[in-house]
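J.: Have a look at this one.
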Amino acid sequence: MISAVQKVVIPAAGLGTRFLPATKAVPKELLPIVDVPTIQYIVEEAVRGGVKDVIVVNGRGKVAIEDHFDIAFELETTLQSRGRTDLTEKLRAISEMARVVSLRQKQPLGLGHAVLCAASVVGPNPFGVILGDDLIDAEVPAIQQLITAYGRYGKGVIALMEVPPSEASRYGIAAGTPIDERTLQIDRIIEKPPAGTAPSNLAVIGRYVLPPSVFEILRNVPPGVGGEIQLTDALAVLARTEGLVGHRFEGKRYDAGDRMGYLKANLAYALKRPELRDGLLEFMRELLREGV
Ligand code: UTP
């Protein structure tokens, strides 16, 4: 069966101020988790979830992201001449795994605006959104979990995760009426609620499956928190007009756009590598012994 969702938008045009100076010339989405850029994991998630058409919304550093998913002819030829077919195959697989198109968000006017920039490329069908700095390590790709929920309920779906109440003001927060064990009908959704005012402890995490009608809403939504066009504000309208579903996904999430989240992701992904695991654990024990 062909999925109703055939395109995924990856917003990757934020300023990445939390990672300056690393992000002065390199987009944060290209910073590596061990040796793989975060955005490669995101594209792999889309592909594993059955979606091969990927639209990257770029800001600065556009060329580097495009190059990462393109054929690296000179590099591949040089590696080939040195007998490194293992590496050429690895690089070639990256350029072949998806059909990546990229476009530019000329000014970082907010996540909602970044998604709106992709409207004409997305066209008239439902589409996925995966934030370019948000990793979810899951057996069933998180975007696929959302696509399945979209197929079941026929409404826009957002990924939700429980967060401690003290952290609620850092996220979009949603509340609603349970439909099944993992899914709820969204009644309220608000971006970065002031401390103590969050309607629940369910945070909106960077995965969405949305109907194309969201573009018209985004065209009309006024700037919200931080003066940015917020996707969450458009989703609040969508929840009222067409209905919106929240899905508590299965998997471990890392906010690779945040320094602590990025470090945790590096550690967790490195520990899964047999060639790194023992050495890394030994070093961590050593640090603990030394009381660093
Ligand atoms: P963030 O909230 O992490 O913002 O964006 P940021 O600007 O990238 O990073 P900081 O806070 O300054 O460190 C969440 C996602 O939305 C994208 C980002 O690239 C990231 O994937 N985004 C955000 C855009 O594409 N355009 C924007 O105008 C804002």
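Please note that chains go A, B, ... in the order of the structure tokens, that every chain numbers its residues from 1, and that ligands are numbered from 1 in the order shown.
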Taking a cut-off of 10 Å and counting only C-alpha atoms and all ligand atoms, can you build a table that, for each residue of chain A near ligand 1, reports the nearest atom pair and how far apart they are in Å (one decimal), sorted by chain then residue number, as JSON lines?
T.:
```
{"residue": "A:Val9", "atom": "CA", "partner": "ligand 1", "partner_atom_place_in_ligand_line": "25 (O)", "distance": 9.9}
{"residue": "A:Ile10", "atom": "CA", "partner": "ligand 1", "partner_atom_place_in_ligand_line": "21 (O)", "distance": 7.2}
{"residue": "A:Pro11", "atom": "CA", "partner": "ligand 1", "partner_atom_place_in_ligand_line": "25 (O)", "distance": 3.9}
{"residue": "A:Ala12", "atom": "CA", "partner": "ligand 1", "partner_atom_place_in_ligand_line": "19 (O)", "distance": 3.4}
{"residue": "A:Ala13", "atom": "CA", "partner": "ligand 1", "partner_atom_place_in_ligand_line": "25 (O)", "distance": 3.5}
{"residue": "A:Gly14", "atom": "CA", "partner": "ligand 1", "partner_atom_place_in_ligand_line": "8 (O)", "distance": 3.2}
{"residue": "A:Leu15", "atom": "CA", "partner": "ligand 1", "partner_atom_place_in_ligand_line": "7 (O)", "distance": 4.0}
{"residue": "A:Gly16", "atom": "CA", "partner": "ligand 1", "partner_atom_place_in_ligand_line": "9 (O)", "distance": 3.5}
{"residue": "A:Thr17", "atom": "CA", "partner": "ligand 1", "partner_atom_place_in_ligand_line": "12 (O)", "distance": 3.6}
{"residue": "A:Arg18", "atom": "CA", "partner": "ligand 1", "partner_atom_place_in_ligand_line": "13 (O)", "distance": 3.7}
{"residue": "A:Phe19", "atom": "CA", "partner": "ligand 1", "partner_atom_place_in_ligand_line": "13 (O)", "distance": 6.0}
{"residue": "A:Leu20", "atom": "CA", "partner": "ligand 1", "partner_atom_place_in_ligand_line": "13 (O)", "distance": 8.1}
{"residue": "A:Thr23", "atom": "CA", "partner": "ligand 1", "partner_atom_place_in_ligand_line": "13 (O)", "distance": 9.1}
{"residue": "A:Pro27", "atom": "CA", "partner": "ligand 1", "partner_atom_place_in_ligand_line": "19 (O)", "distance": 8.2}
{"residue": "A:Lys28", "atom": "CA", "partner": "ligand 1", "partner_atom_place_in_ligand_line": "8 (O)", "distance": 7.6}
{"residue": "A:Glu29", "atom": "CA", "partner": "ligand 1", "partner_atom_place_in_ligand_line": "21 (O)", "distance": 7.2}
{"residue": "A:Ile39", "atom": "CA", "partner": "ligand 1", "partner_atom_place_in_ligand_line": "21 (O)", "distance": 9.2}
{"residue": "A:Val56", "atom": "CA", "partner": "ligand 1", "partner_atom_place_in_ligand_line": "25 (O)", "distance": 8.9}
{"residue": "A:Val57", "atom": "CA", "partner": "ligand 1", "partner_atom_place_in_ligand_line": "25 (O)", "distance": 6.1}
{"residue": "A:Asn58", "atom": "CA", "partner": "ligand 1", "partner_atom_place_in_ligand_line": "25 (O)", "distance": 6.7}
{"residue": "A:Gly59", "atom": "CA", "partner": "ligand 1", "partner_atom_place_in_ligand_line": "25 (O)", "distance": 7.2}
{"residue": "A:Arg104", "atom": "CA", "partner": "ligand 1", "partner_atom_place_in_ligand_line": "25 (O)", "distance": 9.2}
{"residue": "A:Gln105", "atom": "CA", "partner": "ligand 1", "partner_atom_place_in_ligand_line": "26 (N)", "distance": 6.9}
{"residue": "A:Lys106", "atom": "CA", "partner": "ligand 1", "partner_atom_place_in_ligand_line": "28 (O)", "distance": 9.0}
{"residue": "A:Gln107", "atom": "CA", "partner": "ligand 1", "partner_atom_place_in_ligand_line": "28 (O)", "distance": 6.7}
{"residue": "A:Pro108", "atom": "CA", "partner": "ligand 1", "partner_atom_place_in_ligand_line": "28 (O)", "distance": 3.2}
{"residue": "A:Leu109", "atom": "CA", "partner": "ligand 1", "partner_atom_place_in_ligand_line": "28 (O)", "distance": 4.2}
{"residue": "A:Gly110", "atom": "CA", "partner": "ligand 1", "partner_atom_place_in_ligand_line": "28 (O)", "distance": 3.3}
{"residue": "A:Leu111", "atom": "CA", "partner": "ligand 1", "partner_atom_place_in_ligand_line": "29 (C)", "distance": 4.3}
{"residue": "A:Gly112", "atom": "CA", "partner": "ligand 1", "partner_atom_place_in_ligand_line": "27 (C)", "distance": 7.6}
{"residue": "A:His113", "atom": "CA", "partner": "ligand 1", "partner_atom_place_in_ligand_line": "28 (O)", "distance": 6.5}
{"residue": "A:Ala114", "atom": "CA", "partner": "ligand 1", "partner_atom_place_in_ligand_line": "26 (N)", "distance": 4.8}
{"residue": "A:Val115", "atom": "CA", "partner": "ligand 1", "partner_atom_place_in_ligand_line": "25 (O)", "distance": 7.5}
{"residue": "A:Cys117", "atom": "CA", "partner": "ligand 1", "partner_atom_place_in_ligand_line": "25 (O)", "distance": 9.5}
{"residue": "A:Ile130", "atom": "CA", "partner": "ligand 1", "partner_atom_place_in_ligand_line": "21 (O)", "distance": 8.0}
{"residue": "A:Leu131", "atom": "CA", "partner": "ligand 1", "partner_atom_place_in_ligand_line": "21 (O)", "distance": 4.4}
{"residue": "A:Gly132", "atom": "CA", "partner": "ligand 1", "partner_atom_place_in_ligand_line": "21 (O)", "distance": 4.2}
{"residue": "A:Asp133", "atom": "CA", "partner": "ligand 1", "partner_atom_place_in_ligand_line": "21 (O)", "distance": 4.9}
{"residue": "A:Asp134", "atom": "CA", "partner": "ligand 1", "partner_atom_place_in_ligand_line": "21 (O)", "distance": 7.1}
{"residue": "A:Arg170", "atom": "CA", "partner": "ligand 1", "partner_atom_place_in_ligand_line": "2 (O)", "distance": 9.4}
{"residue": "A:Tyr171", "atom": "CA", "partner": "ligand 1", "partner_atom_place_in_ligand_line": "2 (O)", "distance": 9.1}
{"residue": "A:Ile205", "atom": "CA", "partner": "ligand 1", "partner_atom_place_in_ligand_line": "14 (C)", "distance": 9.9}
{"residue": "A:Gly206", "atom": "CA", "partner": "ligand 1", "partner_atom_place_in_ligand_line": "15 (C)", "distance": 7.7}
{"residue": "A:Glu228", "atom": "CA", "partner": "ligand 1", "partner_atom_place_in_ligand_line": "28 (O)", "distance": 7.3}
{"residue": "A:Ile229", "atom": "CA", "partner": "ligand 1", "partner_atom_place_in_ligand_line": "28 (O)", "distance": 8.0}
{"residue": "A:Gln230", "atom": "CA", "partner": "ligand 1", "partner_atom_place_in_ligand_line": "29 (C)", "distance": 8.7}
{"residue": "A:Leu231", "atom": "CA", "partner": "ligand 1", "partner_atom_place_in_ligand_line": "16 (O)", "distance": 9.5}
{"residue": "A:Asp255", "atom": "CA", "partner": "ligand 1", "partner_atom_place_in_ligand_line": "3 (O)", "distance": 8.5}
{"residue": "A:Ala256", "atom": "CA", "partner": "ligand 1", "partner_atom_place_in_ligand_line": "3 (O)", "distance": 8.8}
{"residue": "A:Gly257", "atom": "CA", "partner": "ligand 1", "partner_atom_place_in_ligand_line": "3 (O)", "distance": 5.5}
{"residue": "A:Asp258", "atom": "CA", "partner": "ligand 1", "partner_atom_place_in_ligand_line": "13 (O)", "distance": 6.8}
{"residue": "A:Arg259", "atom": "CA", "partner": "ligand 1", "partner_atom_place_in_ligand_line": "13 (O)", "distance": 9.1}
```
J.: Using Å and a single decimal, report how far atom CA of Ala268 of chain A sits from atom CA of Leu135 of chain A.
T.: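 Taking atom CA of Leu135 of chain A as the start and atom CA of Ala268 of chain A as the end point, the length is 11.6 Å.
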J.: Enumerate, as a CSV table (one decimal) with C-alpha atoms, in the first residue's frame, the complete set of residues in segment 181-243 of chain A that a backbone-based DSSP assignment places in alpha helix (DSSP H).
T.:
```csv
chain,number,residue,atom,x,y,z
A,214,VAL,CA,-2.1,24.1,7.5
A,215,PHE,CA,-0.3,26.2,4.9
A,216,GLU,CA,-3.3,28.6,4.5
A,217,ILE,CA,-3.4,28.8,8.3
A,218,LEU,CA,0.3,29.6,8.5
A,219,ARG,CA,-0.1,32.4,5.9
A,220,ASN,CA,-2.5,34.1,8.3
A,231,LEU,CA,4.0,26.3,14.0
A,232,THR,CA,2.3,25.6,17.3
A,233,ASP,CA,0.0,28.7,16.8
A,234,ALA,CA,-1.1,27.3,13.4
A,235,LEU,CA,-1.7,23.9,15.0
A,236,ALA,CA,-4.0,25.5,17.6
A,237,VAL,CA,-6.1,26.8,14.8
A,238,LEU,CA,-6.0,23.4,13.0
A,239,ALA,CA,-7.1,21.7,16.3
A,240,ARG,CA,-10.2,24.0,16.4
A,241,THR,CA,-11.1,23.7,12.7
```
J.: Could you check the closest approach to Leu202 of chain A for each of A:Arg277, A:Arg60, A:Arg248, A:Arg182 and tell me which residue wins, using only C-alpha atoms?
T.: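 Smallest separation from Leu202 of chain A among the options: A:Arg248.
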J.: Any idea what the distance is between atom CA of Ala174 of chain A and atom CA of Ala195 of chain A?
T.: 14.7 Å
J.: Give me, as an NGL selection string, all polymer residues having an atom no more than 10 Å from Tyr150 of chain A, counting only C-alpha atoms and skipping those fewer than 6 positions away in the same chain.
T.: :A and (4-5 or 126 or 144 or 156-158 or 208-211 or 244-245 or 247)
J.: With N, CA and C atoms retained, export the selected residues as a short mmCIF file (atom, residue, chain, number, x, y, z; two decimals), in the first residue's frame.
T.:
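Below you can see out.cif, which holds the result:
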```
data_model
loop_
_atom_site.label_atom_id
_atom_site.label_comp_id
_atom_site.auth_asym_id
_atom_site.auth_seq_id
_atom_site.Cartn_x
_atom_site.Cartn_y
_atom_site.Cartn_z
N ALA A 4 -0.14 7.57 2.40
CA ALA A 4 -0.73 8.87 2.04
C ALA A 4 0.31 9.96 2.14
N VAL A 5 1.38 9.68 2.91
CA VAL A 5 2.40 10.70 3.14
C VAL A 5 3.63 10.36 2.29
N PRO A 126 -1.11 15.43 2.27
CA PRO A 126 -0.55 15.46 3.63
C PRO A 126 0.95 15.21 3.59
N GLN A 144 7.10 7.19 11.18
CA GLN A 144 6.20 6.11 10.73
C GLN A 144 5.07 5.89 11.74
N GLY A 156 -4.49 15.64 11.30
CA GLY A 156 -3.10 15.98 11.58
C GLY A 156 -2.65 15.31 12.87
N VAL A 157 -1.38 14.88 12.92
CA VAL A 157 -0.85 14.18 14.10
C VAL A 157 0.43 14.87 14.55
N ILE A 158 0.57 15.05 15.85
CA ILE A 158 1.81 15.61 16.40
C ILE A 158 2.40 14.62 17.41
N TYR A 208 5.71 15.74 12.97
CA TYR A 208 4.33 16.09 12.66
C TYR A 208 3.93 15.41 11.36
N VAL A 209 2.65 15.06 11.24
CA VAL A 209 2.07 14.73 9.93
C VAL A 209 0.88 15.67 9.77
N LEU A 210 0.91 16.49 8.72
CA LEU A 210 -0.05 17.58 8.64
C LEU A 210 -0.79 17.59 7.31
N PRO A 211 -2.06 18.05 7.35
CA PRO A 211 -2.78 18.21 6.09
C PRO A 211 -2.30 19.50 5.40
N LEU A 244 -7.10 17.72 15.62
CA LEU A 244 -5.67 17.39 15.65
C LEU A 244 -5.48 16.29 16.67
N VAL A 245 -4.59 15.36 16.35
CA VAL A 245 -4.38 14.21 17.23
C VAL A 245 -2.94 14.26 17.76
N HIS A 247 0.17 11.98 19.49
CA HIS A 247 0.56 10.58 19.64
C HIS A 247 1.81 10.50 20.52
#
```
J.: Can you tell me, as a ChimeraX atom specification, what residues are no more than 7 Å from Gly49 of chain A when counting only C-alpha atoms, ignoring any on the same chain fewer than 2 positions away?
T.: /A:45-47,51,141,143-144
